[in-house]
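*Asks:* Take a look at the following structure, please.
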Amino acid sequence: MANVFAVLCPALWFTLQLLLLLAALICAVLIVFPSSSEDAEKRFEQRLEYTIFTIGMTVLWLLVSFAPR
């Protein structure tokens, strides 16, 4: 059983890092290209939300990637 965890742990760690990085990048793209069908106030709110999400995902990714194990 310990061998299974030894094999799966790096794969799960890599998957977590990849998902956090992709989420941060997608949110960053959505900040640059907001929905044009909304009014200006709604676009501002969406950009603000995506900015907060991007900062949060980037901080989590940095913690997961560079934290000592």
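Naming scheme: A, B, ... for chains in displayed order of the structure tokens; residues 1 onward per chain; ligands 1 onward as shown.
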For Ser65 in chain A, work out the shell of residues within 12 Å, counting only C-alpha atoms and skipping chain neighbours fewer than 4 positions away, then give it as a VMD selection string.
*Replies:* chain A and resid 10 13 to 21 57 to 61 69
*Asks:* Could you turn the residues from that selection into a file that holds N, CA, C and O atoms, as an mmCIF file, in the first residue's frame?
*Replies:*
data_model
loop_
_atom_site.group_PDB
_atom_site.id
_atom_site.type_symbol
_atom_site.label_atom_id
_atom_site.label_comp_id
_atom_site.auth_asym_id
_atom_site.auth_seq_id
_atom_site.Cartn_x
_atom_site.Cartn_y
_atom_site.Cartn_z
ATOM 1 N N PRO A 10 3.419 12.036 -6.195
ATOM 2 C CA PRO A 10 3.963 13.038 -7.137
ATOM 3 C C PRO A 10 2.995 13.357 -8.280
ATOM 4 O O PRO A 10 2.906 14.511 -8.712
ATOM 5 N N TRP A 13 0.358 15.634 -6.864
ATOM 6 C CA TRP A 13 0.968 16.943 -6.607
ATOM 7 C C TRP A 13 1.108 17.731 -7.908
ATOM 8 O O TRP A 13 0.805 18.916 -7.960
ATOM 9 N N PHE A 14 1.570 17.060 -8.959
ATOM 10 C CA PHE A 14 1.710 17.704 -10.265
ATOM 11 C C PHE A 14 0.344 18.132 -10.797
ATOM 12 O O PHE A 14 0.193 19.224 -11.351
ATOM 13 N N THR A 15 -0.675 17.279 -10.627
ATOM 14 C CA THR A 15 -2.016 17.612 -11.092
ATOM 15 C C THR A 15 -2.556 18.832 -10.369
ATOM 16 O O THR A 15 -3.157 19.719 -10.984
ATOM 17 N N LEU A 16 -2.337 18.907 -9.069
ATOM 18 C CA LEU A 16 -2.775 20.072 -8.295
ATOM 19 C C LEU A 16 -2.085 21.340 -8.784
ATOM 20 O O LEU A 16 -2.720 22.379 -8.984
ATOM 21 N N GLN A 17 -0.788 21.267 -9.009
ATOM 22 C CA GLN A 17 -0.049 22.424 -9.513
ATOM 23 C C GLN A 17 -0.563 22.855 -10.883
ATOM 24 O O GLN A 17 -0.746 24.043 -11.150
ATOM 25 N N LEU A 18 -0.799 21.892 -11.740
ATOM 26 C CA LEU A 18 -1.263 22.194 -13.092
ATOM 27 C C LEU A 18 -2.645 22.828 -13.073
ATOM 28 O O LEU A 18 -2.900 23.814 -13.780
ATOM 29 N N LEU A 19 -3.549 22.313 -12.253
ATOM 30 C CA LEU A 19 -4.894 22.876 -12.182
ATOM 31 C C LEU A 19 -4.882 24.296 -11.622
ATOM 32 O O LEU A 19 -5.612 25.168 -12.116
ATOM 33 N N LEU A 20 -4.063 24.545 -10.616
ATOM 34 C CA LEU A 20 -3.970 25.900 -10.074
ATOM 35 C C LEU A 20 -3.396 26.872 -11.101
ATOM 36 O O LEU A 20 -3.875 27.997 -11.242
ATOM 37 N N LEU A 21 -2.374 26.434 -11.823
ATOM 38 C CA LEU A 21 -1.776 27.296 -12.837
ATOM 39 C C LEU A 21 -2.760 27.582 -13.972
ATOM 40 O O LEU A 21 -2.894 28.730 -14.418
ATOM 41 N N MET A 57 -5.395 32.359 -6.931
ATOM 42 C CA MET A 57 -4.868 31.143 -7.561
ATOM 43 C C MET A 57 -3.353 31.226 -7.724
ATOM 44 O O MET A 57 -2.656 30.223 -7.560
ATOM 45 N N THR A 58 -2.838 32.397 -8.027
ATOM 46 C CA THR A 58 -1.393 32.542 -8.179
ATOM 47 C C THR A 58 -0.681 32.341 -6.846
ATOM 48 O O THR A 58 0.351 31.666 -6.777
ATOM 49 N N VAL A 59 -1.238 32.897 -5.776
ATOM 50 C CA VAL A 59 -0.639 32.710 -4.454
ATOM 51 C C VAL A 59 -0.683 31.231 -4.055
ATOM 52 O O VAL A 59 0.312 30.690 -3.557
ATOM 53 N N LEU A 60 -1.818 30.578 -4.288
ATOM 54 C CA LEU A 60 -1.900 29.142 -3.975
ATOM 55 C C LEU A 60 -0.904 28.334 -4.800
ATOM 56 O O LEU A 60 -0.249 27.419 -4.291
ATOM 57 N N TRP A 61 -0.787 28.671 -6.102
ATOM 58 C CA TRP A 61 0.152 27.947 -6.945
ATOM 59 C C TRP A 61 1.587 28.139 -6.463
ATOM 60 O O TRP A 61 2.375 27.189 -6.426
ATOM 61 N N ARG A 69 8.934 20.949 1.455
ATOM 62 C CA ARG A 69 8.155 19.735 1.775
ATOM 63 C C ARG A 69 8.826 18.960 2.866
ATOM 64 O O ARG A 69 9.928 18.780 3.005
#
*Asks:* At a cut-off of 12 Å, using only C-alpha atoms, what residues contact Leu48 in chain A? Leave out same-chain residues fewer than 4 positions from it and give the result as a VMD selection string.
*Replies:* chain A and resid 27 to 28 30 to 32 34 41 to 44 52 to 55
*Asks:* Write the residues of the preceding selection, restricted to N, CA, C and O atoms, as a PDB file, in the first residue's frame.
*Replies:*
ATOM      1  N   CYS A  27      -8.274  32.828 -15.639  1.00  0.00           N
ATOM      2  CA  CYS A  27      -8.807  34.055 -15.030  1.00  0.00           C
ATOM      3  C   CYS A  27      -8.084  35.283 -15.558  1.00  0.00           C
ATOM      4  O   CYS A  27      -8.705  36.333 -15.777  1.00  0.00           O
ATOM      5  N   ALA A  28      -6.780  35.182 -15.775  1.00  0.00           N
ATOM      6  CA  ALA A  28      -6.025  36.316 -16.308  1.00  0.00           C
ATOM      7  C   ALA A  28      -6.483  36.662 -17.725  1.00  0.00           C
ATOM      8  O   ALA A  28      -6.594  37.845 -18.071  1.00  0.00           O
ATOM      9  N   LEU A  30      -9.483  36.106 -18.898  1.00  0.00           N
ATOM     10  CA  LEU A  30     -10.823  36.670 -18.784  1.00  0.00           C
ATOM     11  C   LEU A  30     -10.799  38.112 -18.288  1.00  0.00           C
ATOM     12  O   LEU A  30     -11.736  38.866 -18.551  1.00  0.00           O
ATOM     13  N   ILE A  31      -9.746  38.502 -17.593  1.00  0.00           N
ATOM     14  CA  ILE A  31      -9.610  39.905 -17.192  1.00  0.00           C
ATOM     15  C   ILE A  31      -9.360  40.767 -18.429  1.00  0.00           C
ATOM     16  O   ILE A  31      -9.945  41.839 -18.587  1.00  0.00           O
ATOM     17  N   VAL A  32      -8.519  40.282 -19.310  1.00  0.00           N
ATOM     18  CA  VAL A  32      -8.155  41.057 -20.501  1.00  0.00           C
ATOM     19  C   VAL A  32      -9.303  41.106 -21.508  1.00  0.00           C
ATOM     20  O   VAL A  32      -9.548  42.132 -22.137  1.00  0.00           O
ATOM     21  N   PRO A  34     -13.060  40.680 -21.330  1.00  0.00           N
ATOM     22  CA  PRO A  34     -14.360  40.479 -20.678  1.00  0.00           C
ATOM     23  C   PRO A  34     -15.475  40.324 -21.710  1.00  0.00           C
ATOM     24  O   PRO A  34     -15.294  40.632 -22.891  1.00  0.00           O
ATOM     25  N   GLU A  41     -20.719  48.578 -16.095  1.00  0.00           N
ATOM     26  CA  GLU A  41     -20.633  48.265 -14.666  1.00  0.00           C
ATOM     27  C   GLU A  41     -20.466  46.766 -14.440  1.00  0.00           C
ATOM     28  O   GLU A  41     -19.672  46.338 -13.598  1.00  0.00           O
ATOM     29  N   LYS A  42     -21.172  45.956 -15.198  1.00  0.00           N
ATOM     30  CA  LYS A  42     -21.072  44.500 -15.069  1.00  0.00           C
ATOM     31  C   LYS A  42     -19.683  44.021 -15.490  1.00  0.00           C
ATOM     32  O   LYS A  42     -19.109  43.129 -14.862  1.00  0.00           O
ATOM     33  N   ARG A  43     -19.130  44.613 -16.548  1.00  0.00           N
ATOM     34  CA  ARG A  43     -17.773  44.242 -16.974  1.00  0.00           C
ATOM     35  C   ARG A  43     -16.755  44.592 -15.913  1.00  0.00           C
ATOM     36  O   ARG A  43     -15.817  43.829 -15.647  1.00  0.00           O
ATOM     37  N   PHE A  44     -16.927  45.758 -15.258  1.00  0.00           N
ATOM     38  CA  PHE A  44     -16.019  46.147 -14.185  1.00  0.00           C
ATOM     39  C   PHE A  44     -16.084  45.146 -13.034  1.00  0.00           C
ATOM     40  O   PHE A  44     -15.060  44.743 -12.491  1.00  0.00           O
ATOM     41  N   ILE A  52      -9.352  39.167  -8.394  1.00  0.00           N
ATOM     42  CA  ILE A  52      -9.228  38.533  -7.076  1.00  0.00           C
ATOM     43  C   ILE A  52      -8.952  37.046  -7.223  1.00  0.00           C
ATOM     44  O   ILE A  52      -8.091  36.480  -6.534  1.00  0.00           O
ATOM     45  N   PHE A  53      -9.668  36.374  -8.119  1.00  0.00           N
ATOM     46  CA  PHE A  53      -9.440  34.945  -8.342  1.00  0.00           C
ATOM     47  C   PHE A  53      -8.019  34.676  -8.850  1.00  0.00           C
ATOM     48  O   PHE A  53      -7.365  33.713  -8.446  1.00  0.00           O
ATOM     49  N   THR A  54      -7.548  35.537  -9.766  1.00  0.00           N
ATOM     50  CA  THR A  54      -6.199  35.354 -10.315  1.00  0.00           C
ATOM     51  C   THR A  54      -5.141  35.501  -9.232  1.00  0.00           C
ATOM     52  O   THR A  54      -4.208  34.695  -9.156  1.00  0.00           O
ATOM     53  N   ILE A  55      -5.282  36.516  -8.399  1.00  0.00           N
ATOM     54  CA  ILE A  55      -4.315  36.704  -7.311  1.00  0.00           C
ATOM     55  C   ILE A  55      -4.349  35.517  -6.360  1.00  0.00           C
ATOM     56  O   ILE A  55      -3.311  34.979  -5.968  1.00  0.00           O
TER      57      ILE A  55
END
*Asks:* Write down as an mmCIF file with N, CA, C and O atoms, in the first residue's frame the residues of range 14-69 of chain A whose backbone DSSP state falls under helix (DSSP H, G or I).
*Replies:*
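Output (part_12.cif):
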data_model
loop_
_atom_site.group_PDB
_atom_site.id
_atom_site.type_symbol
_atom_site.label_atom_id
_atom_site.label_comp_id
_atom_site.auth_asym_id
_atom_site.auth_seq_id
_atom_site.Cartn_x
_atom_site.Cartn_y
_atom_site.Cartn_z
ATOM 1 N N PHE A 14 1.570 17.060 -8.959
ATOM 2 C CA PHE A 14 1.710 17.704 -10.265
ATOM 3 C C PHE A 14 0.344 18.132 -10.797
ATOM 4 O O PHE A 14 0.193 19.224 -11.351
ATOM 5 N N THR A 15 -0.675 17.279 -10.627
ATOM 6 C CA THR A 15 -2.016 17.612 -11.092
ATOM 7 C C THR A 15 -2.556 18.832 -10.369
ATOM 8 O O THR A 15 -3.157 19.719 -10.984
ATOM 9 N N LEU A 16 -2.337 18.907 -9.069
ATOM 10 C CA LEU A 16 -2.775 20.072 -8.295
ATOM 11 C C LEU A 16 -2.085 21.340 -8.784
ATOM 12 O O LEU A 16 -2.720 22.379 -8.984
ATOM 13 N N GLN A 17 -0.788 21.267 -9.009
ATOM 14 C CA GLN A 17 -0.049 22.424 -9.513
ATOM 15 C C GLN A 17 -0.563 22.855 -10.883
ATOM 16 O O GLN A 17 -0.746 24.043 -11.150
ATOM 17 N N LEU A 18 -0.799 21.892 -11.740
ATOM 18 C CA LEU A 18 -1.263 22.194 -13.092
ATOM 19 C C LEU A 18 -2.645 22.828 -13.073
ATOM 20 O O LEU A 18 -2.900 23.814 -13.780
ATOM 21 N N LEU A 19 -3.549 22.313 -12.253
ATOM 22 C CA LEU A 19 -4.894 22.876 -12.182
ATOM 23 C C LEU A 19 -4.882 24.296 -11.622
ATOM 24 O O LEU A 19 -5.612 25.168 -12.116
ATOM 25 N N LEU A 20 -4.063 24.545 -10.616
ATOM 26 C CA LEU A 20 -3.970 25.900 -10.074
ATOM 27 C C LEU A 20 -3.396 26.872 -11.101
ATOM 28 O O LEU A 20 -3.875 27.997 -11.242
ATOM 29 N N LEU A 21 -2.374 26.434 -11.823
ATOM 30 C CA LEU A 21 -1.776 27.296 -12.837
ATOM 31 C C LEU A 21 -2.760 27.582 -13.972
ATOM 32 O O LEU A 21 -2.894 28.730 -14.418
ATOM 33 N N LEU A 22 -3.465 26.560 -14.425
ATOM 34 C CA LEU A 22 -4.446 26.770 -15.490
ATOM 35 C C LEU A 22 -5.580 27.683 -15.042
ATOM 36 O O LEU A 22 -6.037 28.541 -15.816
ATOM 37 N N ALA A 23 -6.046 27.516 -13.808
ATOM 38 C CA ALA A 23 -7.111 28.387 -13.307
ATOM 39 C C ALA A 23 -6.646 29.839 -13.258
ATOM 40 O O ALA A 23 -7.398 30.750 -13.629
ATOM 41 N N ALA A 24 -5.418 30.068 -12.819
ATOM 42 C CA ALA A 24 -4.889 31.435 -12.769
ATOM 43 C C ALA A 24 -4.754 32.021 -14.171
ATOM 44 O O ALA A 24 -5.099 33.185 -14.397
ATOM 45 N N LEU A 25 -4.281 31.221 -15.114
ATOM 46 C CA LEU A 25 -4.117 31.729 -16.479
ATOM 47 C C LEU A 25 -5.452 32.014 -17.149
ATOM 48 O O LEU A 25 -5.601 33.016 -17.865
ATOM 49 N N ILE A 26 -6.433 31.157 -16.925
ATOM 50 C CA ILE A 26 -7.763 31.380 -17.513
ATOM 51 C C ILE A 26 -8.387 32.643 -16.938
ATOM 52 O O ILE A 26 -8.964 33.455 -17.674
ATOM 53 N N CYS A 27 -8.274 32.828 -15.639
ATOM 54 C CA CYS A 27 -8.807 34.055 -15.030
ATOM 55 C C CYS A 27 -8.084 35.283 -15.558
ATOM 56 O O CYS A 27 -8.705 36.333 -15.777
ATOM 57 N N ALA A 28 -6.780 35.182 -15.775
ATOM 58 C CA ALA A 28 -6.025 36.316 -16.308
ATOM 59 C C ALA A 28 -6.483 36.662 -17.725
ATOM 60 O O ALA A 28 -6.594 37.845 -18.071
ATOM 61 N N VAL A 29 -6.765 35.663 -18.530
ATOM 62 C CA VAL A 29 -7.259 35.922 -19.883
ATOM 63 C C VAL A 29 -8.643 36.558 -19.829
ATOM 64 O O VAL A 29 -8.957 37.465 -20.607
ATOM 65 N N LEU A 30 -9.483 36.106 -18.898
ATOM 66 C CA LEU A 30 -10.823 36.670 -18.784
ATOM 67 C C LEU A 30 -10.799 38.112 -18.288
ATOM 68 O O LEU A 30 -11.736 38.866 -18.551
ATOM 69 N N ILE A 31 -9.746 38.502 -17.593
ATOM 70 C CA ILE A 31 -9.610 39.905 -17.192
ATOM 71 C C ILE A 31 -9.360 40.767 -18.429
ATOM 72 O O ILE A 31 -9.945 41.839 -18.587
ATOM 73 N N VAL A 32 -8.519 40.282 -19.310
ATOM 74 C CA VAL A 32 -8.155 41.057 -20.501
ATOM 75 C C VAL A 32 -9.303 41.106 -21.508
ATOM 76 O O VAL A 32 -9.548 42.132 -22.137
ATOM 77 N N ALA A 40 -21.134 48.390 -18.867
ATOM 78 C CA ALA A 40 -19.806 48.734 -18.339
ATOM 79 C C ALA A 40 -19.662 48.374 -16.868
ATOM 80 O O ALA A 40 -18.602 47.905 -16.438
ATOM 81 N N GLU A 41 -20.719 48.578 -16.095
ATOM 82 C CA GLU A 41 -20.633 48.265 -14.666
ATOM 83 C C GLU A 41 -20.466 46.766 -14.440
ATOM 84 O O GLU A 41 -19.672 46.338 -13.598
ATOM 85 N N LYS A 42 -21.172 45.956 -15.198
ATOM 86 C CA LYS A 42 -21.072 44.500 -15.069
ATOM 87 C C LYS A 42 -19.683 44.021 -15.490
ATOM 88 O O LYS A 42 -19.109 43.129 -14.862
ATOM 89 N N ARG A 43 -19.130 44.613 -16.548
ATOM 90 C CA ARG A 43 -17.773 44.242 -16.974
ATOM 91 C C ARG A 43 -16.755 44.592 -15.913
ATOM 92 O O ARG A 43 -15.817 43.829 -15.647
ATOM 93 N N PHE A 44 -16.927 45.758 -15.258
ATOM 94 C CA PHE A 44 -16.019 46.147 -14.185
ATOM 95 C C PHE A 44 -16.084 45.146 -13.034
ATOM 96 O O PHE A 44 -15.060 44.743 -12.491
ATOM 97 N N GLU A 45 -17.299 44.732 -12.663
ATOM 98 C CA GLU A 45 -17.460 43.751 -11.584
ATOM 99 C C GLU A 45 -16.810 42.420 -11.953
ATOM 100 O O GLU A 45 -16.166 41.789 -11.113
ATOM 101 N N GLN A 46 -16.986 41.988 -13.199
ATOM 102 C CA GLN A 46 -16.369 40.736 -13.634
ATOM 103 C C GLN A 46 -14.850 40.842 -13.602
ATOM 104 O O GLN A 46 -14.178 39.903 -13.163
ATOM 105 N N ARG A 47 -14.309 41.945 -14.067
ATOM 106 C CA ARG A 47 -12.853 42.125 -14.033
ATOM 107 C C ARG A 47 -12.329 42.128 -12.605
ATOM 108 O O ARG A 47 -11.277 41.557 -12.323
ATOM 109 N N LEU A 48 -13.053 42.771 -11.703
ATOM 110 C CA LEU A 48 -12.648 42.787 -10.304
ATOM 111 C C LEU A 48 -12.664 41.382 -9.705
ATOM 112 O O LEU A 48 -11.723 40.970 -9.022
ATOM 113 N N GLU A 49 -13.724 40.619 -9.970
ATOM 114 C CA GLU A 49 -13.812 39.247 -9.471
ATOM 115 C C GLU A 49 -12.679 38.388 -10.032
ATOM 116 O O GLU A 49 -12.036 37.638 -9.294
ATOM 117 N N TYR A 50 -12.447 38.487 -11.333
ATOM 118 C CA TYR A 50 -11.391 37.677 -11.938
ATOM 119 C C TYR A 50 -10.007 38.095 -11.460
ATOM 120 O O TYR A 50 -9.105 37.267 -11.368
ATOM 121 N N THR A 51 -9.829 39.381 -11.147
ATOM 122 C CA THR A 51 -8.561 39.824 -10.587
ATOM 123 C C THR A 51 -8.317 39.183 -9.227
ATOM 124 O O THR A 51 -7.227 38.694 -8.938
ATOM 125 N N ILE A 52 -9.352 39.167 -8.394
ATOM 126 C CA ILE A 52 -9.228 38.533 -7.076
ATOM 127 C C ILE A 52 -8.952 37.046 -7.223
ATOM 128 O O ILE A 52 -8.091 36.480 -6.534
ATOM 129 N N PHE A 53 -9.668 36.374 -8.119
ATOM 130 C CA PHE A 53 -9.440 34.945 -8.342
ATOM 131 C C PHE A 53 -8.019 34.676 -8.850
ATOM 132 O O PHE A 53 -7.365 33.713 -8.446
ATOM 133 N N THR A 54 -7.548 35.537 -9.766
ATOM 134 C CA THR A 54 -6.199 35.354 -10.315
ATOM 135 C C THR A 54 -5.141 35.501 -9.232
ATOM 136 O O THR A 54 -4.208 34.695 -9.156
ATOM 137 N N ILE A 55 -5.282 36.516 -8.399
ATOM 138 C CA ILE A 55 -4.315 36.704 -7.311
ATOM 139 C C ILE A 55 -4.349 35.517 -6.360
ATOM 140 O O ILE A 55 -3.311 34.979 -5.968
ATOM 141 N N GLY A 56 -5.546 35.064 -6.005
ATOM 142 C CA GLY A 56 -5.676 33.919 -5.104
ATOM 143 C C GLY A 56 -5.088 32.650 -5.680
ATOM 144 O O GLY A 56 -4.354 31.921 -4.999
ATOM 145 N N MET A 57 -5.395 32.359 -6.931
ATOM 146 C CA MET A 57 -4.868 31.143 -7.561
ATOM 147 C C MET A 57 -3.353 31.226 -7.724
ATOM 148 O O MET A 57 -2.656 30.223 -7.560
ATOM 149 N N THR A 58 -2.838 32.397 -8.027
ATOM 150 C CA THR A 58 -1.393 32.542 -8.179
ATOM 151 C C THR A 58 -0.681 32.341 -6.846
ATOM 152 O O THR A 58 0.351 31.666 -6.777
ATOM 153 N N VAL A 59 -1.238 32.897 -5.776
ATOM 154 C CA VAL A 59 -0.639 32.710 -4.454
ATOM 155 C C VAL A 59 -0.683 31.231 -4.055
ATOM 156 O O VAL A 59 0.312 30.690 -3.557
ATOM 157 N N LEU A 60 -1.818 30.578 -4.288
ATOM 158 C CA LEU A 60 -1.900 29.142 -3.975
ATOM 159 C C LEU A 60 -0.904 28.334 -4.800
ATOM 160 O O LEU A 60 -0.249 27.419 -4.291
ATOM 161 N N TRP A 61 -0.787 28.671 -6.102
ATOM 162 C CA TRP A 61 0.152 27.947 -6.945
ATOM 163 C C TRP A 61 1.587 28.139 -6.463
ATOM 164 O O TRP A 61 2.375 27.189 -6.426
ATOM 165 N N LEU A 62 1.924 29.371 -6.094
ATOM 166 C CA LEU A 62 3.275 29.622 -5.578
ATOM 167 C C LEU A 62 3.530 28.870 -4.288
ATOM 168 O O LEU A 62 4.631 28.328 -4.081
ATOM 169 N N LEU A 63 2.539 28.819 -3.405
ATOM 170 C CA LEU A 63 2.710 28.075 -2.167
ATOM 171 C C LEU A 63 2.887 26.584 -2.422
ATOM 172 O O LEU A 63 3.734 25.928 -1.818
ATOM 173 N N VAL A 64 2.080 26.047 -3.322
ATOM 174 C CA VAL A 64 2.169 24.614 -3.629
ATOM 175 C C VAL A 64 3.474 24.302 -4.344
ATOM 176 O O VAL A 64 4.118 23.272 -4.089
ATOM 177 N N SER A 65 3.899 25.181 -5.240
ATOM 178 C CA SER A 65 5.090 24.894 -6.043
ATOM 179 C C SER A 65 6.396 25.078 -5.293
ATOM 180 O O SER A 65 7.326 24.291 -5.455
ATOM 181 N N PHE A 66 6.468 26.100 -4.463
ATOM 182 C CA PHE A 66 7.762 26.446 -3.883
ATOM 183 C C PHE A 66 7.831 26.290 -2.359
ATOM 184 O O PHE A 66 8.837 26.661 -1.765
#
